[in-house]
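Please read the structure below before turning to the comments.
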Amino acid sequence: MKAKFLVPLFIFLLLAGFLGYGLKLNPREVPSPLIGKPAPAFRVPQLQAEDKTIAPEDLKGRVWLLNVWASWCISCRYEHPVLVDFARNSPVPIIGLNYKEVRGDGALDVKGLDPATELATARQRARQWLVEHGGDPYMVSAVDLDGRIGIDYGVYGVPETFLIDQQGVIRYKHIGPITPESLRDVLMPKIAELQRAS
């Protein structure tokens, strides 16, 4: 008879323990299965230069940041001035990944758009947004029209930023907007550590 009461009590205490542990975790620190693995390959059009492409292999030998952004992303507006300021004296290049520029906000019906029109619309919207929000912090921006690159990188929201080492291996993933504090306390020490290791 006593065991009938002890089993629910034990289950309750176990669940309370898991809940207590979960409340101590930082929701911005979602483990990525890509940490320590090569950055997924892609070669896509550049935002800035219509006749050029960009790929991670173009940056081998350098530590770099891949920042996933879009003009429809509200949090990107808060992050953008931090990136513009950082880019002025950055020890590493920042590569933008313009994510689902036309498809992401649902404002346009893309079913009727041909790929060339969608790319031109994405370029126009993204370039205008960069001008209106203080400039372009990116050495280059890749255009991810359909979000496939984002899927390969495990992106589930924008903005997200990846720190990639000289060998093309992802070393860190930052979820959400980069703030001056996260730049100073997390990213800059990790960048310095990777550059010392080379």
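All residue names refer to the structure tokens as shown: chains lettered A, B, ... in order, residues numbered from 1 in each chain, ligands numbered from 1 in order.
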Quick one: everything within 10 Å of Leu119 (chain A), counting only C-alpha atoms, minus sequence neighbours fewer than 2 positions away in the same chain. Send it as a PDB file with N, CA, C and O atoms, in the first residue's frame.
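around.pdb written:
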```
ATOM      1  N   PRO A  45      25.112  32.907 -55.856  1.00  0.00           N
ATOM      2  CA  PRO A  45      25.388  34.276 -56.290  1.00  0.00           C
ATOM      3  C   PRO A  45      25.669  35.207 -55.107  1.00  0.00           C
ATOM      4  O   PRO A  45      25.135  35.020 -54.020  1.00  0.00           O
ATOM      5  N   LEU A  47      25.380  38.914 -53.366  1.00  0.00           N
ATOM      6  CA  LEU A  47      24.409  39.998 -53.339  1.00  0.00           C
ATOM      7  C   LEU A  47      24.961  41.233 -54.042  1.00  0.00           C
ATOM      8  O   LEU A  47      24.284  41.874 -54.831  1.00  0.00           O
ATOM      9  N   GLU A  50      26.704  40.953 -59.325  1.00  0.00           N
ATOM     10  CA  GLU A  50      25.787  40.064 -60.017  1.00  0.00           C
ATOM     11  C   GLU A  50      26.478  38.963 -60.822  1.00  0.00           C
ATOM     12  O   GLU A  50      25.885  37.927 -61.093  1.00  0.00           O
ATOM     13  N   GLU A 101      15.195  35.979 -48.637  1.00  0.00           N
ATOM     14  CA  GLU A 101      14.844  37.406 -48.707  1.00  0.00           C
ATOM     15  C   GLU A 101      13.429  37.633 -49.210  1.00  0.00           C
ATOM     16  O   GLU A 101      12.692  38.427 -48.650  1.00  0.00           O
ATOM     17  N   VAL A 102      13.044  36.957 -50.260  1.00  0.00           N
ATOM     18  CA  VAL A 102      11.718  37.167 -50.843  1.00  0.00           C
ATOM     19  C   VAL A 102      10.689  36.234 -50.218  1.00  0.00           C
ATOM     20  O   VAL A 102       9.554  36.621 -49.965  1.00  0.00           O
ATOM     21  N   LEU A 113       6.875  33.751 -59.540  1.00  0.00           N
ATOM     22  CA  LEU A 113       8.147  34.383 -59.907  1.00  0.00           C
ATOM     23  C   LEU A 113       9.105  33.370 -60.515  1.00  0.00           C
ATOM     24  O   LEU A 113       9.292  32.282 -59.975  1.00  0.00           O
ATOM     25  N   ASP A 114       9.742  33.760 -61.601  1.00  0.00           N
ATOM     26  CA  ASP A 114      10.800  32.912 -62.138  1.00  0.00           C
ATOM     27  C   ASP A 114      12.067  33.179 -61.316  1.00  0.00           C
ATOM     28  O   ASP A 114      12.174  34.211 -60.654  1.00  0.00           O
ATOM     29  N   PRO A 115      13.029  32.254 -61.324  1.00  0.00           N
ATOM     30  CA  PRO A 115      14.225  32.403 -60.491  1.00  0.00           C
ATOM     31  C   PRO A 115      14.997  33.709 -60.720  1.00  0.00           C
ATOM     32  O   PRO A 115      15.491  34.307 -59.768  1.00  0.00           O
ATOM     33  N   ALA A 116      15.094  34.161 -61.957  1.00  0.00           N
ATOM     34  CA  ALA A 116      15.840  35.393 -62.242  1.00  0.00           C
ATOM     35  C   ALA A 116      15.147  36.605 -61.621  1.00  0.00           C
ATOM     36  O   ALA A 116      15.803  37.489 -61.056  1.00  0.00           O
ATOM     37  N   THR A 117      13.828  36.642 -61.695  1.00  0.00           N
ATOM     38  CA  THR A 117      13.076  37.752 -61.095  1.00  0.00           C
ATOM     39  C   THR A 117      13.177  37.714 -59.580  1.00  0.00           C
ATOM     40  O   THR A 117      13.316  38.742 -58.919  1.00  0.00           O
ATOM     41  N   THR A 121      14.758  40.642 -57.323  1.00  0.00           N
ATOM     42  CA  THR A 121      13.955  41.236 -56.245  1.00  0.00           C
ATOM     43  C   THR A 121      14.682  41.121 -54.909  1.00  0.00           C
ATOM     44  O   THR A 121      14.717  42.078 -54.128  1.00  0.00           O
ATOM     45  N   ALA A 122      15.280  39.961 -54.660  1.00  0.00           N
ATOM     46  CA  ALA A 122      16.031  39.763 -53.410  1.00  0.00           C
ATOM     47  C   ALA A 122      17.198  40.738 -53.319  1.00  0.00           C
ATOM     48  O   ALA A 122      17.424  41.352 -52.278  1.00  0.00           O
ATOM     49  N   ARG A 123      17.934  40.875 -54.402  1.00  0.00           N
ATOM     50  CA  ARG A 123      19.073  41.799 -54.411  1.00  0.00           C
ATOM     51  C   ARG A 123      18.622  43.232 -54.153  1.00  0.00           C
ATOM     52  O   ARG A 123      19.229  43.956 -53.362  1.00  0.00           O
ATOM     53  N   GLN A 124      17.556  43.651 -54.816  1.00  0.00           N
ATOM     54  CA  GLN A 124      17.073  45.022 -54.664  1.00  0.00           C
ATOM     55  C   GLN A 124      16.623  45.281 -53.227  1.00  0.00           C
ATOM     56  O   GLN A 124      16.999  46.280 -52.622  1.00  0.00           O
ATOM     57  N   ARG A 125      15.851  44.370 -52.654  1.00  0.00           N
ATOM     58  CA  ARG A 125      15.351  44.552 -51.286  1.00  0.00           C
ATOM     59  C   ARG A 125      16.494  44.556 -50.273  1.00  0.00           C
ATOM     60  O   ARG A 125      16.535  45.397 -49.372  1.00  0.00           O
ATOM     61  N   VAL A 143      23.518  34.848 -51.454  1.00  0.00           N
ATOM     62  CA  VAL A 143      22.061  34.898 -51.555  1.00  0.00           C
ATOM     63  C   VAL A 143      21.506  33.479 -51.454  1.00  0.00           C
ATOM     64  O   VAL A 143      21.767  32.637 -52.315  1.00  0.00           O
ATOM     65  N   ASP A 144      20.751  33.227 -50.386  1.00  0.00           N
ATOM     66  CA  ASP A 144      20.116  31.927 -50.158  1.00  0.00           C
ATOM     67  C   ASP A 144      18.613  32.091 -50.396  1.00  0.00           C
ATOM     68  O   ASP A 144      17.834  32.272 -49.464  1.00  0.00           O
ATOM     69  N   LEU A 145      18.220  32.050 -51.667  1.00  0.00           N
ATOM     70  CA  LEU A 145      16.830  32.342 -52.029  1.00  0.00           C
ATOM     71  C   LEU A 145      15.820  31.395 -51.398  1.00  0.00           C
ATOM     72  O   LEU A 145      14.804  31.827 -50.882  1.00  0.00           O
TER      73      LEU A 145
END
```
Name all residues at most 7 Å from region 68-70 of chain A (count only C-alpha atoms; drop same-chain ones fewer than 3 positions away) and give them as JSON, numbers by chain. {"A": [73, 76, 96, 97, 98, 99, 101, 158, 159, 160, 161]}
Please, could you write that set of residues out with N, CA and C atoms as a CSV table (one decimal), in the first residue's frame?
```csv
chain,number,residue,atom,x,y,z
A,73,CYS,N,13.8,40.5,-41.1
A,73,CYS,CA,14.1,40.1,-39.7
A,73,CYS,C,14.2,41.2,-38.8
A,76,CYS,N,17.4,41.5,-36.7
A,76,CYS,CA,18.6,41.9,-37.5
A,76,CYS,C,18.8,43.4,-37.4
A,96,GLY,N,28.0,37.6,-45.2
A,96,GLY,CA,26.5,37.6,-44.9
A,96,GLY,C,25.9,36.4,-45.7
A,97,LEU,N,24.8,35.9,-45.1
A,97,LEU,CA,24.0,34.9,-45.8
A,97,LEU,C,22.6,35.5,-45.8
A,98,ASN,N,22.2,36.1,-46.9
A,98,ASN,CA,20.9,36.7,-47.0
A,98,ASN,C,19.9,35.6,-47.2
A,99,TYR,N,19.1,35.4,-46.2
A,99,TYR,CA,18.3,34.2,-46.0
A,99,TYR,C,16.9,34.4,-46.4
A,101,GLU,N,15.2,36.0,-48.6
A,101,GLU,CA,14.8,37.4,-48.7
A,101,GLU,C,13.4,37.6,-49.2
A,158,VAL,N,16.5,33.7,-37.7
A,158,VAL,CA,17.5,34.7,-38.0
A,158,VAL,C,17.4,35.8,-37.0
A,159,PRO,N,18.5,36.4,-36.6
A,159,PRO,CA,19.9,36.1,-37.1
A,159,PRO,C,20.6,35.0,-36.3
A,160,GLU,N,21.5,34.4,-37.0
A,160,GLU,CA,22.4,33.4,-36.4
A,160,GLU,C,23.8,33.6,-37.0
A,161,THR,N,24.8,33.4,-36.2
A,161,THR,CA,26.2,33.6,-36.7
A,161,THR,C,27.0,32.4,-36.4
```
Residues at most 12 Å from Asp165 (chain A), counting only C-alpha atoms, excluding those fewer than 2 positions away in the same chain, as a CSV table (one decimal) with C-alpha atoms, in the first residue's frame?
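Heads up, here's the output in selection-v3.csv:
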```csv
chain,number,residue,atom,x,y,z
A,35,ILE,CA,30.3,22.3,-34.1
A,36,GLY,CA,33.6,20.7,-34.9
A,37,LYS,CA,32.5,19.6,-38.4
A,38,PRO,CA,33.3,21.1,-41.8
A,39,ALA,CA,31.0,24.0,-42.8
A,56,PRO,CA,33.1,28.6,-48.1
A,57,GLU,CA,36.1,27.2,-49.9
A,59,LEU,CA,37.8,31.6,-47.4
A,60,LYS,CA,40.0,28.6,-46.5
A,61,GLY,CA,43.0,29.7,-44.6
A,62,ARG,CA,41.1,32.5,-42.8
A,63,VAL,CA,39.0,32.6,-39.7
A,64,TRP,CA,35.6,34.2,-40.7
A,65,LEU,CA,32.1,34.8,-39.5
A,66,LEU,CA,29.0,33.7,-41.4
A,92,VAL,CA,38.1,38.6,-39.5
A,93,PRO,CA,35.8,39.0,-42.6
A,162,PHE,CA,28.8,30.9,-37.2
A,163,LEU,CA,32.5,31.2,-36.4
A,167,GLN,CA,40.3,24.8,-42.2
A,168,GLY,CA,36.6,25.5,-42.8
A,169,VAL,CA,35.4,23.9,-39.6
A,170,ILE,CA,32.5,25.4,-37.6
A,171,ARG,CA,33.8,26.3,-34.1
A,172,TYR,CA,30.9,28.2,-32.6
A,190,LYS,CA,37.1,32.8,-29.6
A,191,ILE,CA,38.3,34.6,-32.7
A,192,ALA,CA,41.6,35.5,-30.9
A,193,GLU,CA,42.0,31.9,-29.8
A,194,LEU,CA,41.5,30.6,-33.4
A,195,GLN,CA,43.9,33.1,-34.8
A,196,ARG,CA,46.6,32.2,-32.2
A,197,ALA,CA,46.2,28.5,-33.1
A,198,SER,CA,47.1,29.1,-36.7
```
For Arg103 (chain A), list every protein, DNA or RNA residue within 9 Å, evaluated using only C-alpha atoms, and leave out those in the same chain fewer than 4 positions away; present the list as a PyMOL selection string. chain A and resi 99+107-110+145-147
Expected file: the selected residues, N, CA and C atoms, as a PDB file, in the first residue's frame:
```
ATOM      1  N   TYR A  99      19.136  35.355 -46.160  1.00  0.00           N
ATOM      2  CA  TYR A  99      18.314  34.157 -46.013  1.00  0.00           C
ATOM      3  C   TYR A  99      16.857  34.390 -46.424  1.00  0.00           C
ATOM      4  N   ALA A 107       5.384  38.398 -47.932  1.00  0.00           N
ATOM      5  CA  ALA A 107       4.760  39.581 -48.536  1.00  0.00           C
ATOM      6  C   ALA A 107       4.493  39.392 -50.026  1.00  0.00           C
ATOM      7  N   LEU A 108       5.318  38.583 -50.675  1.00  0.00           N
ATOM      8  CA  LEU A 108       5.144  38.353 -52.111  1.00  0.00           C
ATOM      9  C   LEU A 108       4.776  36.893 -52.363  1.00  0.00           C
ATOM     10  N   ASP A 109       3.972  36.679 -53.376  1.00  0.00           N
ATOM     11  CA  ASP A 109       3.652  35.329 -53.801  1.00  0.00           C
ATOM     12  C   ASP A 109       4.745  34.875 -54.774  1.00  0.00           C
ATOM     13  N   VAL A 110       5.649  34.038 -54.292  1.00  0.00           N
ATOM     14  CA  VAL A 110       6.791  33.636 -55.108  1.00  0.00           C
ATOM     15  C   VAL A 110       6.454  32.519 -56.088  1.00  0.00           C
ATOM     16  N   LEU A 145      18.220  32.050 -51.667  1.00  0.00           N
ATOM     17  CA  LEU A 145      16.830  32.342 -52.029  1.00  0.00           C
ATOM     18  C   LEU A 145      15.820  31.395 -51.398  1.00  0.00           C
ATOM     19  N   ASP A 146      16.096  30.103 -51.459  1.00  0.00           N
ATOM     20  CA  ASP A 146      15.101  29.131 -51.011  1.00  0.00           C
ATOM     21  C   ASP A 146      15.368  28.564 -49.622  1.00  0.00           C
ATOM     22  N   GLY A 147      16.436  29.008 -48.966  1.00  0.00           N
ATOM     23  CA  GLY A 147      16.723  28.563 -47.601  1.00  0.00           C
ATOM     24  C   GLY A 147      17.449  27.240 -47.497  1.00  0.00           C
TER      25      GLY A 147
END
```
Any idea what the distance is between CA of Val131 (chain A) and CA of Gln48 (chain A)?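 Between these atoms lies a distance of 12.2 Å.
Our summary of the geometry notes that CA of Tyr153 (chain A) is positioned 21.7 Å from CA of Met188 (chain A).
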Just the strand (DSSP E) stuff from region 1-114 of chain A, please, per backbone DSSP, written as a list in words.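 Written out, the strand (DSSP E) residues of region 1-114 of chain A are Val44, Pro45, Thr53, Ile54, Trp64, Leu65, Leu66, Asn67, Val68, Trp69, Ile94, Ile95, Gly96, Leu97, Asn98 and Tyr99 of chain A.
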Shell of 6 Å around Val84 (chain A), only C-alpha atoms, local chain residues under 3 positions omitted, as a ChimeraX atom specification: /A:81,87,137
Give me a file of those residues, with N, CA, C and O atoms, as a PDB file, in the first residue's frame.
```
ATOM      1  N   PRO A  81      23.716  47.524 -36.406  1.00  0.00           N
ATOM      2  CA  PRO A  81      24.700  48.550 -36.028  1.00  0.00           C
ATOM      3  C   PRO A  81      25.933  47.964 -35.331  1.00  0.00           C
ATOM      4  O   PRO A  81      27.041  48.476 -35.496  1.00  0.00           O
ATOM      5  N   ALA A  87      32.720  45.634 -38.145  1.00  0.00           N
ATOM      6  CA  ALA A  87      33.361  45.459 -39.452  1.00  0.00           C
ATOM      7  C   ALA A  87      34.429  46.517 -39.716  1.00  0.00           C
ATOM      8  O   ALA A  87      35.380  46.265 -40.460  1.00  0.00           O
ATOM      9  N   PRO A 137      28.095  45.722 -43.592  1.00  0.00           N
ATOM     10  CA  PRO A 137      29.234  45.234 -42.813  1.00  0.00           C
ATOM     11  C   PRO A 137      29.906  44.007 -43.424  1.00  0.00           C
ATOM     12  O   PRO A 137      30.930  43.541 -42.925  1.00  0.00           O
TER      13      PRO A 137
END
```
What separates CA of Gly150 (chain A) and CA of Asp58 (chain A) is a distance of 18.4 Å
Excluding same-chain residues fewer than 3 positions from Tyr78 (chain A), what lies within 10 Å of it counting only C-alpha atoms, as a PyMOL selection string? chain A and resi 73-75+81-83+133+177-179
